[in-house]
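**Q** Below is my_file_9.pdb; it holds PDB, C-alpha atoms and all ligand atoms.
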ATOM      1  CA  MET A1402     118.257 103.137   1.363  1.00  0.00           C
ATOM      2  CA  SER A1403     121.289 103.862  -0.704  1.00  0.00           C
ATOM      3  CA  SER A1404     124.373 101.781  -0.227  1.00  0.00           C
ATOM      4  CA  ARG A1405     126.582 104.503  -1.585  1.00  0.00           C
ATOM      5  CA  GLU A1406     129.098 105.609   0.967  1.00  0.00           C
ATOM      6  CA  THR A1407     128.901 109.246   1.801  1.00  0.00           C
ATOM      7  CA  TRP A1408     132.167 109.265   3.628  1.00  0.00           C
ATOM      8  CA  ARG A1409     135.041 110.674   1.652  1.00  0.00           C
ATOM      9  CA  ASP A1410     138.651 109.937   2.204  1.00  0.00           C
ATOM     10  CA  GLU A1411     139.559 113.536   2.956  1.00  0.00           C
ATOM     11  CA  GLY A1412     142.223 112.863   5.524  1.00  0.00           C
ATOM     12  CA  ALA A1413     144.458 110.817   3.298  1.00  0.00           C
ATOM     13  CA  SER A1414     144.257 112.798   0.088  1.00  0.00           C
ATOM     14  CA  GLY A1415     147.464 114.393  -0.997  1.00  0.00           C
ATOM     15  CA  CYS A1416     149.702 112.582   1.403  1.00  0.00           C
ATOM     16  CA  GLY A1417     151.003 110.344  -1.300  1.00  0.00           C
ATOM     17  CA  SER A1418     152.436 106.906  -0.785  1.00  0.00           C
ATOM     18  CA  LEU A1419     154.046 105.812   2.415  1.00  0.00           C
ATOM     19  CA  ASP A1420     157.027 104.319   0.587  1.00  0.00           C
ATOM     20  CA  GLY A1421     160.305 104.812   2.327  1.00  0.00           C
ATOM     21  CA  VAL A1422     158.781 105.883   5.619  1.00  0.00           C
ATOM     22  CA  ALA A1423     160.633 103.212   7.561  1.00  0.00           C
ATOM     23  CA  ALA A1424     164.062 103.955   6.143  1.00  0.00           C
ATOM     24  CA  ARG A1425     164.461 107.536   7.237  1.00  0.00           C
ATOM     25  CA  ALA A1426     166.208 107.352  10.564  1.00  0.00           C
ATOM     26  CA  ASP A1427     169.222 109.102   9.029  1.00  0.00           C
ATOM     27  CA  GLY A1428     169.590 112.797   8.575  1.00  0.00           C
ATOM     28  CA  SER A1429     166.020 113.814   7.747  1.00  0.00           C
ATOM     29  CA  GLY A1430     166.103 116.158  10.727  1.00  0.00           C
ATOM     30  CA  LEU A1431     163.663 116.414  13.582  1.00  0.00           C
ATOM     31  CA  MET A1432     161.212 118.708  11.832  1.00  0.00           C
ATOM     32  CA  ALA A1433     160.896 116.374   8.895  1.00  0.00           C
ATOM     33  CA  LYS A1434     160.498 113.451  11.226  1.00  0.00           C
ATOM     34  CA  GLY A1435     157.704 115.154  13.143  1.00  0.00           C
ATOM     35  CA  PHE A1436     155.965 116.025   9.918  1.00  0.00           C
ATOM     36  CA  GLN A1437     156.338 112.500   8.672  1.00  0.00           C
ATOM     37  CA  GLU A1438     154.990 111.023  11.886  1.00  0.00           C
ATOM     38  CA  ASN A1439     152.031 113.333  11.628  1.00  0.00           C
ATOM     39  CA  GLN A1440     151.412 112.253   8.061  1.00  0.00           C
ATOM     40  CA  GLU A1441     151.536 108.633   9.135  1.00  0.00           C
ATOM     41  CA  ARG A1442     149.048 109.327  11.895  1.00  0.00           C
ATOM     42  CA  VAL A1443     146.728 111.093   9.461  1.00  0.00           C
ATOM     43  CA  ALA A1444     146.933 108.080   7.182  1.00  0.00           C
ATOM     44  CA  ARG A1445     146.177 105.660  10.033  1.00  0.00           C
ATOM     45  CA  LEU A1446     143.235 107.783  11.128  1.00  0.00           C
ATOM     46  CA  ALA A1447     141.892 107.854   7.581  1.00  0.00           C
ATOM     47  CA  GLY A1448     142.303 104.080   7.534  1.00  0.00           C
ATOM     48  CA  LEU A1449     139.611 103.836  10.229  1.00  0.00           C
ATOM     49  CA  GLY A1450     137.136 105.671   8.025  1.00  0.00           C
ATOM     50  CA  LYS A1451     135.612 102.685   6.330  1.00  0.00           C
ATOM     51  CA  ASP A1452     134.808 100.847   9.558  1.00  0.00           C
ATOM     52  CA  LEU A1453     133.593 104.052  11.172  1.00  0.00           C
ATOM     53  CA  ALA A1454     131.255 104.748   8.256  1.00  0.00           C
ATOM     54  CA  ARG A1455     129.902 101.220   8.629  1.00  0.00           C
ATOM     55  CA  ARG A1456     129.297 101.676  12.356  1.00  0.00           C
ATOM     56  CA  ALA A1457     127.628 105.026  11.686  1.00  0.00           C
ATOM     57  CA  ARG A1458     125.550 103.490   8.876  1.00  0.00           C
ATOM     58  CA  SER A1459     126.675 106.513   6.891  1.00  0.00           C
ATOM     59  CA  LYS A1460     124.749 108.863   9.171  1.00  0.00           C
ATOM     60  CA  CYS A1461     126.149 111.541  11.442  1.00  0.00           C
ATOM     61  CA  GLU A1462     126.691 109.923  14.826  1.00  0.00           C
ATOM     62  CA  LEU A1463     125.429 112.981  16.688  1.00  0.00           C
ATOM     63  CA  CYS A1464     122.473 114.302  14.685  1.00  0.00           C
ATOM     64  CA  GLU A1465     121.777 111.346  12.351  1.00  0.00           C
ATOM     65  CA  ALA A1466     121.926 113.522   9.250  1.00  0.00           C
ATOM     66  CA  ALA A1467     122.022 111.207   6.227  1.00  0.00           C
ATOM     67  CA  GLY A1468     123.180 111.811   2.686  1.00  0.00           C
ATOM     68  CA  VAL A1469     125.759 114.358   3.763  1.00  0.00           C
ATOM     69  CA  SER A1470     129.491 114.090   3.718  1.00  0.00           C
ATOM     70  CA  LEU A1471     130.907 112.830   7.008  1.00  0.00           C
ATOM     71  CA  LYS A1472     134.229 113.552   8.586  1.00  0.00           C
ATOM     72  CA  ILE A1473     136.178 111.725  11.273  1.00  0.00           C
ATOM     73  CA  TYR A1474     136.228 113.512  14.608  1.00  0.00           C
ATOM     74  CA  GLU A1475     138.545 112.364  17.372  1.00  0.00           C
ATOM     75  CA  VAL A1476     136.851 112.839  20.718  1.00  0.00           C
ATOM     76  CA  PRO A1477     139.312 114.556  23.066  1.00  0.00           C
ATOM     77  CA  PRO A1478     141.573 113.806  24.814  1.00  0.00           C
ATOM     78  CA  VAL A1479     143.120 112.579  21.566  1.00  0.00           C
ATOM     79  CA  PRO A1480     145.364 109.526  22.066  1.00  0.00           C
ATOM     80  CA  ALA A1481     148.818 109.154  20.517  1.00  0.00           C
ATOM     81  CA  GLU A1482     147.496 106.382  18.292  1.00  0.00           C
ATOM     82  CA  PRO A1483     144.194 106.872  16.448  1.00  0.00           C
ATOM     83  CA  ASP A1484     141.593 104.734  18.203  1.00  0.00           C
ATOM     84  CA  PHE A1485     138.419 103.481  16.527  1.00  0.00           C
ATOM     85  CA  ASP A1486     136.434 103.681  19.769  1.00  0.00           C
ATOM     86  CA  ARG A1487     137.413 107.287  20.320  1.00  0.00           C
ATOM     87  CA  CYS A1488     136.355 108.478  16.879  1.00  0.00           C
ATOM     88  CA  LEU A1489     133.020 109.612  15.527  1.00  0.00           C
ATOM     89  CA  MET A1490     131.717 110.192  12.035  1.00  0.00           C
ATOM     90  CA  LEU A1491     130.184 113.655  12.025  1.00  0.00           C
ATOM     91  CA  CYS A1492     128.447 115.932   9.561  1.00  0.00           C
ATOM     92  CA  GLY A1493     129.971 119.361   8.925  1.00  0.00           C
ATOM     93  CA  ASP A1494     127.772 121.166  11.470  1.00  0.00           C
ATOM     94  CA  CYS A1495     128.395 118.730  14.286  1.00  0.00           C
ATOM     95  CA  HIS A1496     132.108 118.584  13.483  1.00  0.00           C
ATOM     96  CA  ALA A1497     132.357 122.373  13.712  1.00  0.00           C
ATOM     97  CA  ALA A1498     130.351 122.452  16.960  1.00  0.00           C
ATOM     98  CA  ALA A1499     132.520 119.751  18.496  1.00  0.00           C
ATOM     99  CA  GLU A1500     135.765 121.428  17.462  1.00  0.00           C
ATOM    100  CA  ASN A1501     134.947 125.030  18.376  1.00  0.00           C
ATOM    101  CA  PRO A1502     133.316 125.193  21.807  1.00  0.00           C
ATOM    102  CA  ARG A1503     133.528 128.987  21.743  1.00  0.00           C
ATOM    103  CA  ARG A1504     131.555 129.278  18.557  1.00  0.00           C
ATOM    104  CA  PHE A1505     128.963 126.745  19.609  1.00  0.00           C
ATOM    105  CA  GLU A1506     125.466 128.188  19.463  1.00  0.00           C
ATOM    106  CA  PRO A1507     122.935 126.617  21.799  1.00  0.00           C
ATOM    107  CA  GLY A1508     119.429 126.104  20.498  1.00  0.00           C
ATOM    108  CA  GLU A1509     116.520 123.890  19.510  1.00  0.00           C
ATOM    109  CA  ARG A1510     118.433 122.449  16.582  1.00  0.00           C
ATOM    110  CA  TRP A1511     120.492 120.422  19.059  1.00  0.00           C
ATOM    111  CA  ARG A1512     117.506 118.598  20.507  1.00  0.00           C
ATOM    112  CA  CYS A1513     118.798 115.507  18.689  1.00  0.00           C
ATOM    113  CA  LEU A1514     121.360 115.231  21.492  1.00  0.00           C
ATOM    114  CA  ALA A1515     118.622 114.167  23.898  1.00  0.00           C
ATOM    115  CA  GLN A1516     118.553 110.933  21.833  1.00  0.00           C
ATOM    116  CA  THR A1517     122.290 110.704  21.243  1.00  0.00           C
ATOM    117  CA  ILE A1518     122.989 110.623  24.962  1.00  0.00           C
ATOM    118  CA  TRP A1519     121.463 107.108  24.881  1.00  0.00           C
ATOM    119  CA  SER A1520     123.689 105.989  21.999  1.00  0.00           C
ATOM    120  CA  GLU A1521     125.415 102.598  22.081  1.00  0.00           C
ATOM    121  CA  VAL A1522     128.613 104.315  21.018  1.00  0.00           C
ATOM    122  CA  PRO A1523     130.437 105.640  24.113  1.00  0.00           C
ATOM    123  CA  ALA A1524     132.224 108.376  22.147  1.00  0.00           C
ATOM    124  CA  ALA A1525     128.841 109.657  20.940  1.00  0.00           C
ATOM    125  CA  GLN A1526     127.527 109.683  24.510  1.00  0.00           C
ATOM    126  CA  VAL A1527     130.558 111.666  25.612  1.00  0.00           C
ATOM    127  CA  MET A1528     130.032 114.331  22.949  1.00  0.00           C
ATOM    128  CA  ALA A1529     126.291 114.484  23.604  1.00  0.00           C
ATOM    129  CA  LEU A1530     126.998 114.991  27.285  1.00  0.00           C
ATOM    130  CA  ARG A1531     129.481 117.778  26.600  1.00  0.00           C
ATOM    131  CA  LEU A1532     127.243 119.563  24.108  1.00  0.00           C
ATOM    132  CA  LEU A1533     124.170 119.260  26.333  1.00  0.00           C
ATOM    133  CA  ARG A1534     126.084 120.717  29.244  1.00  0.00           C
ATOM    134  CA  ARG A1535     127.235 123.642  27.155  1.00  0.00           C
ATOM    135  CA  GLN A1536     123.627 124.696  26.742  1.00  0.00           C
ATOM    136  CA  ALA A1537     122.007 123.493  29.952  1.00  0.00           C
ATOM    137  CA  ALA A1538     122.060 127.025  31.350  1.00  0.00           C
ATOM    138  CA  THR A1539     119.962 128.466  28.543  1.00  0.00           C
ATOM    139  CA  GLN A1540     117.959 125.528  27.157  1.00  0.00           C
ATOM    140  CA  PRO A1541     115.374 123.878  29.445  1.00  0.00           C
ATOM    141  CA  TRP A1542     115.095 120.824  27.162  1.00  0.00           C
ATOM    142  CA  ALA A1543     118.867 120.259  27.489  1.00  0.00           C
ATOM    143  CA  ARG A1544     118.609 120.394  31.269  1.00  0.00           C
ATOM    144  CA  GLU A1545     115.777 117.912  31.129  1.00  0.00           C
ATOM    145  CA  ALA A1546     117.716 115.555  28.865  1.00  0.00           C
ATOM    146  CA  LEU A1547     120.637 115.631  31.286  1.00  0.00           C
ATOM    147  CA  GLU A1548     118.383 114.896  34.240  1.00  0.00           C
ATOM    148  CA  GLU A1549     116.773 111.947  32.487  1.00  0.00           C
ATOM    149  CA  ALA A1550     119.923 110.407  31.077  1.00  0.00           C
ATOM    150  CA  TYR A1551     121.749 107.612  32.768  1.00  0.00           C
ATOM    151  CA  VAL A1552     125.449 107.799  32.015  1.00  0.00           C
ATOM    152  CA  ASP A1553     128.123 105.325  33.110  1.00  0.00           C
ATOM    153  CA  PRO A1554     130.793 106.694  35.439  1.00  0.00           C
ATOM    154  CA  GLU A1555     133.459 106.007  32.759  1.00  0.00           C
ATOM    155  CA  ILE A1556     131.548 108.112  30.239  1.00  0.00           C
ATOM    156  CA  GLU A1557     131.205 110.833  32.834  1.00  0.00           C
ATOM    157  CA  ALA A1558     134.941 110.761  33.588  1.00  0.00           C
ATOM    158  CA  TRP A1559     135.866 110.815  29.897  1.00  0.00           C
ATOM    159  CA  ALA A1560     133.512 113.730  29.222  1.00  0.00           C
ATOM    160  CA  GLU A1561     135.180 115.738  31.960  1.00  0.00           C
ATOM    161  CA  LYS A1562     138.728 114.851  30.986  1.00  0.00           C
ATOM    162  CA  GLY A1563     138.551 116.256  27.496  1.00  0.00           C
ATOM    163  CA  GLU A1564     136.874 119.585  28.191  1.00  0.00           C
TER     164      GLU A1564
HETATM  165 ZN    ZN B   1     125.535 115.981  12.652  1.00  0.00          ZN
END
Kindly present the structure from the file in structure tokens form.

**A**
Amino acid sequence: MSSRETWRDEGASGCGSLDGVAARADGSGLMAKGFQENQERVARLAGLGKDLARRARSKCELCEAAGVSLKIYEVPPVPAEPDFDRCLMLCGDCHAAAENPRRFEPGERWRCLAQTIWSEVPAAQVMALRLLRRQAATQPWAREALEEAYVDPEIEAWAEKGE
């Protein structure tokens, strides 16, 4: 097993240093302030990357793809402050599927979710639940996985809140 980290610090690149962030209460204007707050949030989110990659053991937390570049995904509803427990490290395919429900294509390739629904990571369970439900109508194996899974009421509530 390689110890090389596959996660790349994409979120923080190009946002420069955070020097002077605190001293700008005067005259920067609301737009600039909003932009700056967003940049700070992006930086804080990126700051979680290292610990997230460790939790994920550098594998996608939905499909377990290894040796691919992983990206932080915030499981909706997204809180005001980035929250470690509400983030997942996902491969490109899973990230796209999670972000674009309308472009999600059900199919056999998502059978991995039948395992993920048993994950120790609540955020991963939530996404597995959502993605399984999106294809339960057309995929018998997804229906079966949903019937077999035991999901805590909190996970259930979270999964419904963000859809
Ligand atoms: Zn994946």

**Q** Report as CSV the residues of chain A within 8 Å of ligand ZN 1 (chain B), each with its shortest atom pair and distance in Å (one decimal), using only C-alpha atoms and all ligand atoms, ordered by chain and increasing residue number.

**A**
residue,atom,partner,partner_atom,distance
A:Lys1460,CA,B:ZN1,ZN,8.0
A:Cys1461,CA,B:ZN1,ZN,4.6
A:Glu1462,CA,B:ZN1,ZN,6.5
A:Leu1463,CA,B:ZN1,ZN,5.0
A:Cys1464,CA,B:ZN1,ZN,4.0
A:Glu1465,CA,B:ZN1,ZN,6.0
A:Ala1466,CA,B:ZN1,ZN,5.5
A:Leu1491,CA,B:ZN1,ZN,5.2
A:Cys1492,CA,B:ZN1,ZN,4.2
A:Gly1493,CA,B:ZN1,ZN,6.7
A:Asp1494,CA,B:ZN1,ZN,5.8
A:Cys1495,CA,B:ZN1,ZN,4.3
A:His1496,CA,B:ZN1,ZN,7.1

**Q** The selected residues should be written to file as a PDB file, in the frame of the given file (atoms: C-alpha atoms).

**A**
ATOM      1  CA  LYS A1460     124.749 108.863   9.171  1.00  0.00           C
ATOM      2  CA  CYS A1461     126.149 111.541  11.442  1.00  0.00           C
ATOM      3  CA  GLU A1462     126.691 109.923  14.826  1.00  0.00           C
ATOM      4  CA  LEU A1463     125.429 112.981  16.688  1.00  0.00           C
ATOM      5  CA  CYS A1464     122.473 114.302  14.685  1.00  0.00           C
ATOM      6  CA  GLU A1465     121.777 111.346  12.351  1.00  0.00           C
ATOM      7  CA  ALA A1466     121.926 113.522   9.250  1.00  0.00           C
ATOM      8  CA  LEU A1491     130.184 113.655  12.025  1.00  0.00           C
ATOM      9  CA  CYS A1492     128.447 115.932   9.561  1.00  0.00           C
ATOM     10  CA  GLY A1493     129.971 119.361   8.925  1.00  0.00           C
ATOM     11  CA  ASP A1494     127.772 121.166  11.470  1.00  0.00           C
ATOM     12  CA  CYS A1495     128.395 118.730  14.286  1.00  0.00           C
ATOM     13  CA  HIS A1496     132.108 118.584  13.483  1.00  0.00           C
TER      14      HIS A1496
END

**Q** Quick one: apply the PyMOL selection byres (((chain A and resi 1475-1487) around 6) and not hetatm) to the file and drop the selected residues here as number ranges by chain.

**A** A: 1446, 1474, 1488, 1524, 1563

**Q** So, counting all atoms listed in the file, which residue among A:Leu1471, A:Ile1556, A:Leu1431, A:Ala1546 is closest to A:Leu1489?

**A**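 For A:Leu1489, the nearest of the given residues is A:Leu1471.
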
**Q** Which residue gives the smallest distance to A:Trp1519 among A:Gln1540, A:Val1552, A:Leu1533, A:Ala1454, with only C-alpha atoms counted?

**A**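 Smallest distance to A:Trp1519 is found for A:Val1552.
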
**Q** Pick out the closest residue to A:Trp1559 from this set: A:Arg1544, A:Arg1503, A:Arg1531, A:Arg1512. Count only C-alpha atoms.

**A** A:Arg1531

**Q** Tell me which residues come within 8 Å of (129.9, 109.1, 28.0), as a compact mmCIF listing (two decimals) with C-alpha atoms, in the coordinates of the input, counting all atoms listed in the file in the file's coordinates.

**A**
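Output below, filename result36.txt:
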# COMPACT_ATOMS: atom_id res chain seq x y z
CA ILE A 1518 122.99 110.62 24.96
CA PRO A 1523 130.44 105.64 24.11
CA ALA A 1524 132.22 108.38 22.15
CA ALA A 1525 128.84 109.66 20.94
CA GLN A 1526 127.53 109.68 24.51
CA VAL A 1527 130.56 111.67 25.61
CA MET A 1528 130.03 114.33 22.95
CA ALA A 1529 126.29 114.48 23.60
CA LEU A 1530 127.00 114.99 27.28
CA VAL A 1552 125.45 107.80 32.02
CA ASP A 1553 128.12 105.32 33.11
CA PRO A 1554 130.79 106.69 35.44
CA GLU A 1555 133.46 106.01 32.76
CA ILE A 1556 131.55 108.11 30.24
CA GLU A 1557 131.21 110.83 32.83
CA ALA A 1558 134.94 110.76 33.59
CA TRP A 1559 135.87 110.82 29.90
CA ALA A 1560 133.51 113.73 29.22

**Q** Between atom CA of A:Met1490 and atom CA of A:Trp1542, measure the distance and give it in Å to one decimal.

**A**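 Distance between the two atoms: 24.9 Å.
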
**Q** Between atom CA of A:Gln1437 and atom CA of A:Leu1453, what is the distance, to one decimal in Å?

**A** 24.4 Å

**Q** Could you please determine the separation between atom CA of A:Arg1535 and atom CA of A:Ala1467 in Å, to one decimal place?

**A**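 Value for the atom CA of A:Arg1535-atom CA of A:Ala1467 distance: 24.9 Å.
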
**Q** Extract, using only C-alpha atoms, all DNA, RNA and protein residues at most 12 Å from A:Pro1541, discarding same-chain residues fewer than 5 positions from it, and format them as a PDB file with C-alpha atoms, in the frame of the given file.

**A**
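Contents of around-v8.pdb, as written:
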ATOM      1  CA  PRO A1507     122.935 126.617  21.799  1.00  0.00           C
ATOM      2  CA  GLY A1508     119.429 126.104  20.498  1.00  0.00           C
ATOM      3  CA  GLU A1509     116.520 123.890  19.510  1.00  0.00           C
ATOM      4  CA  ARG A1512     117.506 118.598  20.507  1.00  0.00           C
ATOM      5  CA  ALA A1515     118.622 114.167  23.898  1.00  0.00           C
ATOM      6  CA  LEU A1533     124.170 119.260  26.333  1.00  0.00           C
ATOM      7  CA  ARG A1534     126.084 120.717  29.244  1.00  0.00           C
ATOM      8  CA  GLN A1536     123.627 124.696  26.742  1.00  0.00           C
ATOM      9  CA  ALA A1546     117.716 115.555  28.865  1.00  0.00           C
ATOM     10  CA  LEU A1547     120.637 115.631  31.286  1.00  0.00           C
ATOM     11  CA  GLU A1548     118.383 114.896  34.240  1.00  0.00           C
TER      12      GLU A1548
END

**Q** Select, from A:Ala1538, A:Leu1449, A:Ser1459, A:Ala1498, the residue with the minimum atom-to-atom distance to A:Ile1473, counting all atoms listed in the file.

**A**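 Looking at the shortest contact to A:Ile1473, the residue is A:Leu1449.
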